[in-house]
Amino acid sequence: MYVYVISKDGQPLMPTARFGKVRRLLNSKKAKVVKRCPFTIRLLYEPETRIVQETVLGVDTGSKNIGTAAVSNGKVLYQSQVRLRTDIKSKMTGRRQARRNRRFRKCRYRKPRFLNRVNSTKLNRLPPSVKHKVQAHIDEIEFCKTILPVSKVVLEVSQFDPHLMKNPALISEKIRHWGYQKGFDYGFSSRRAAVLHRDRYTCKICGAKKTRLEVHHVVYRKNGGTDDETNLITLCAKCHKDLHDGKITPDMHPKKKKLKHATHMNIIRSQLLKIYPEAVETYGFVTKENRNHLRLPKDHYTDAVVIASGGRSVRLNDEIFYKARVSKGDYQLAKGIRGEQKIPVGKIRGFRKFDKVRYYKSEYFIKGRMNSGYAVLMDIFGIKADFSDLPKGQKTPKLTNLKRLTARNGCLCTREKITRSTA
């Protein structure tokens with residue numbers, strides 16, 4: 001465990017494990033606490049020497065999780081694992097549906113307007129879900145630079161070829177030169193015509209041919225399904241209607257996984273290398289070989305340690321900072337279509353959602369609040385805390401029994417001890 005130190009002018013210094021000296025500095029008012037997690041102090045005097053060692057920051061980029069680790073002089077000074085948001089698209093879809101519903105009810109005679117959103121027409125614009133993932137990488141890198149004297153950044157980035165992943169035959173030199181130009185839709189006027197031709201104009205449920213045919217999404221668009229040919233099948237009009245009405249439930253599954261995360265990783269790589277041109281680029285197969293050589297378990301933060309150390313043996317840290325990105329606020333003001341029941345958006349008994357609190361000597365985050373004065377608590381992974389073993393009256397935490405440690409933030413953080421097997 002380390003205490004991170006910042007100089008009087010805000011420059012990061014080397015962290016320290018001398019907790020007694022840190023306690024004396026705080027008691028004598030020569031330093032002050034600026035952050036609880038990770039615990040960081042700021043000196044209120046100018047030290048005699050300001051010697052810092054070379055610190056390498058390794059980043060294991062990802063579409064769902066980010067691993068970071070800082071290594072200096074053969075020791076791991078910092079390691080974290082960040083869980084990214086996956087609810088942005090669904091929330092924007094819900095907002096769009098509510099907005100259209102509201103305008104139909106209250107502004108039904110308003111003249112329609114199109115292309116009136118300036119942000120959607122910007123050059124090189126990123127979708128909000130992808131923009132969040134890129135910004136989360138940047139925020140974690142910049143945060144590490146505020147508490148540690150980072151001198152070099154090493155990024156493990158991945159390049160994916162979606163065409164090759166969909167059609168492995170493109171690896172052949174005989175097919176490569178023309179295969180990328182002649183995809184599934186080549187020679188057809190639309191994706192629908194290509195799917196009908198692939199299925200030989202036959203319903204995949206009842207086998208009807210000489211009838212009206214329709215193209216059906218196996219995974220609905222509202223559930224994240226795509227227009228990829230593996231997610232489309234041919235159905236007759238009768239089977240298509242019965243399927244949507246719930247009269248038949250055929251066993252249908254798309255053949256291949258979605259390539260959404262591969263596309264996101266390509267975007268994240270290009271954006272990070274554009275913002276950090278001096279960063280060193282490495283790849284996953286190099287990290288895997290080095291991790292196996294060091295006999296470390298597979299995880300995002302251990303990959304980051306291997307990336308930062310360059311495959312050399314280091315003294316591991318016994319603590320990790322788990323982080324989770326959440327929305328900065330709850331902006332829904334009311335629920336219900338007609339009644340529009342108001343939702344409390346302010347504090348309840350001094351607490352907001354996602355506040356970090358202490359309850360019975362353990363740290364939790366507020367998952368939900370009740371006007372009656374009770375709360376639902378969770379851990380950093382979003383798992384609801386279970387207090388069924390506590391005495392009667394304490395199974396549901398009261399807000400008055402909670403102690404707030406940190407106010408709501410866009411990035412939740414907690415410190416955990418790492419238990420390693422001795423085998």
# chains A, B, ... in the order shown; residues from 1 in each chain; ligands from 1
>>> residues_around(residues="Arg352 (chain A)", least_positions_apart="4", cutoff="8 Å", atoms="only C-alpha atoms", output="PyMOL selection string")
chain A and resi 346-348+366+369+407-408
>>> write_last_selection(atoms="C-alpha atoms", output="CSV table (one decimal), in the first residue's frame")
chain,number,residue,atom,x,y,z
A,346,GLY,CA,-32.3,16.3,-4.9
A,347,LYS,CA,-30.9,14.9,-1.7
A,348,ILE,CA,-32.9,12.7,0.6
A,366,ILE,CA,-26.0,4.0,-2.6
A,369,ARG,CA,-33.1,5.8,-1.9
A,407,ALA,CA,-20.1,12.6,-2.7
A,408,ARG,CA,-21.4,11.2,-6.0
>>> select_by_dssp(residues="region 70-150 of chain A", states="helix (DSSP H, G or I)", output="number ranges by chain")
A: 88-106, 118-121, 128-147
>>> residues_around(residues="Asn167 (chain A)", least_positions_apart="5", cutoff="12 Å", atoms="only C-alpha atoms", output="PDB file with C-alpha atoms, in the first residue's frame")
ATOM      1  CA  ASP A 161     -10.321  -6.649 -39.490  1.00  0.00           C
ATOM      2  CA  PRO A 162     -14.134  -7.131 -39.419  1.00  0.00           C
ATOM      3  CA  SER A 172      -5.802 -16.643 -48.756  1.00  0.00           C
ATOM      4  CA  ILE A 175      -9.040 -14.391 -52.596  1.00  0.00           C
ATOM      5  CA  ARG A 176      -7.619 -11.371 -50.765  1.00  0.00           C
ATOM      6  CA  GLY A 179     -12.609 -10.611 -51.640  1.00  0.00           C
ATOM      7  CA  TYR A 180     -12.718  -7.265 -49.869  1.00  0.00           C
ATOM      8  CA  LYS A 182     -17.123  -8.576 -53.295  1.00  0.00           C
ATOM      9  CA  GLY A 183     -18.970  -8.968 -50.033  1.00  0.00           C
ATOM     10  CA  PHE A 184     -22.285 -10.585 -49.160  1.00  0.00           C
ATOM     11  CA  THR A 230     -26.169 -13.665 -39.869  1.00  0.00           C
ATOM     12  CA  LYS A 256     -21.803 -15.396 -35.334  1.00  0.00           C
TER      13      LYS A 256
END
>>> closest_atom_pairs(of="region 118-156 of chain A", to="region 23-39 of chain A", cutoff="12 Å", atoms="only C-alpha atoms", output="CSV")
residue,atom,partner,partner_atom,distance
A:Phe143,CA,A:Pro38,CA,10.8
A:Cys144,CA,A:Pro38,CA,10.6
A:Thr146,CA,A:Lys35,CA,11.5
A:Ile147,CA,A:Pro38,CA,9.2
A:Leu148,CA,A:Pro38,CA,11.7
>>> select_by_dssp(residues="region 50-189 of chain A", states="strand (DSSP E or B)", output="MDAnalysis selection string")
chainID A and resid 55:60 65:72 75:83 150:156
>>> residues_around(residues="region 267-283 of chain A", least_positions_apart="3", cutoff="8 Å", atoms="only C-alpha atoms", output="VMD selection string")
chain A and resid 130 133 to 134 138 152 to 159 263 to 264 286 to 287 307
>>> closest_residue(among="A:Asn231, A:Ser309, A:Thr414, A:Gln53", to="Phe321 (chain A)", atoms="only C-alpha atoms")
A:Thr414
>>> closest_residue(among="A:Leu316, A:Val218, A:Val305, A:Ile6", to="Val56 (chain A)", atoms="only C-alpha atoms")
A:Val305
>>> closest_residue(among="A:Asp228, A:Ala70, A:Phe387, A:Glu289", to="Val150 (chain A)", atoms="only C-alpha atoms")
A:Ala70
>>> atom_distance(atom1="CA of Lys258 (chain A)", atom2="CA of Lys222 (chain A)")
14.8 Å
>>> closest_residue(among="A:Leu390, A:Met378, A:Val76, A:Leu405", to="Gly58 (chain A)", atoms="only C-alpha atoms")
A:Val76
>>> atom_distance(atom1="CA of Lys204 (chain A)", atom2="CA of Gln181 (chain A)")
29.0 Å
>>> atom_distance(atom1="CA of Thr249 (chain A)", atom2="CA of Thr202 (chain A)")
18.5 Å
>>> closest_residue(among="A:Val326, A:Ala385, A:Leu115, A:Met92", to="Pro128 (chain A)", atoms="only C-alpha atoms")
A:Met92
>>> decode(residues="region 39-78 of chain A", atoms="C-alpha atoms", output="CSV table (one decimal), in the first residue's frame")
chain,number,residue,atom,x,y,z
A,39,PHE,CA,-5.3,8.3,-0.5
A,40,THR,CA,-3.3,11.3,-1.6
A,41,ILE,CA,-1.8,14.2,0.3
A,42,ARG,CA,-0.4,17.6,-0.7
A,43,LEU,CA,2.6,19.1,0.9
A,44,LEU,CA,2.2,22.6,2.3
A,45,TYR,CA,6.0,23.2,2.3
A,46,GLU,CA,8.8,23.0,-0.2
A,47,PRO,CA,10.9,19.8,0.3
A,48,GLU,CA,14.7,20.0,0.3
A,49,THR,CA,15.0,17.6,-2.6
A,50,ARG,CA,12.6,16.7,-5.4
A,51,ILE,CA,14.0,13.5,-6.9
A,52,VAL,CA,11.6,11.4,-8.9
A,53,GLN,CA,12.3,8.1,-10.6
A,54,GLU,CA,11.3,7.0,-14.1
A,55,THR,CA,7.7,5.7,-13.9
A,56,VAL,CA,6.1,3.8,-16.8
A,57,LEU,CA,2.3,3.6,-17.1
A,58,GLY,CA,0.9,0.6,-18.8
A,59,VAL,CA,-2.7,0.7,-20.2
A,60,ASP,CA,-4.7,-2.4,-21.2
A,61,THR,CA,-7.3,-0.8,-23.4
A,62,GLY,CA,-10.7,-2.4,-23.8
A,63,SER,CA,-14.3,-1.9,-24.8
A,64,LYS,CA,-15.8,-2.9,-21.5
A,65,ASN,CA,-12.9,-2.7,-19.0
A,66,ILE,CA,-9.6,-0.8,-18.7
A,67,GLY,CA,-6.6,-2.0,-16.8
A,68,THR,CA,-3.8,0.4,-15.8
A,69,ALA,CA,-0.6,0.0,-13.8
A,70,ALA,CA,2.4,2.2,-13.0
A,71,VAL,CA,5.8,0.5,-12.5
A,72,SER,CA,9.0,2.2,-11.2
A,73,ASN,CA,12.3,0.7,-10.1
A,74,GLY,CA,10.9,-2.8,-10.3
A,75,LYS,CA,7.8,-2.1,-8.1
A,76,VAL,CA,4.2,-1.7,-8.9
A,77,LEU,CA,3.2,1.7,-7.5
A,78,TYR,CA,-0.4,1.8,-8.7
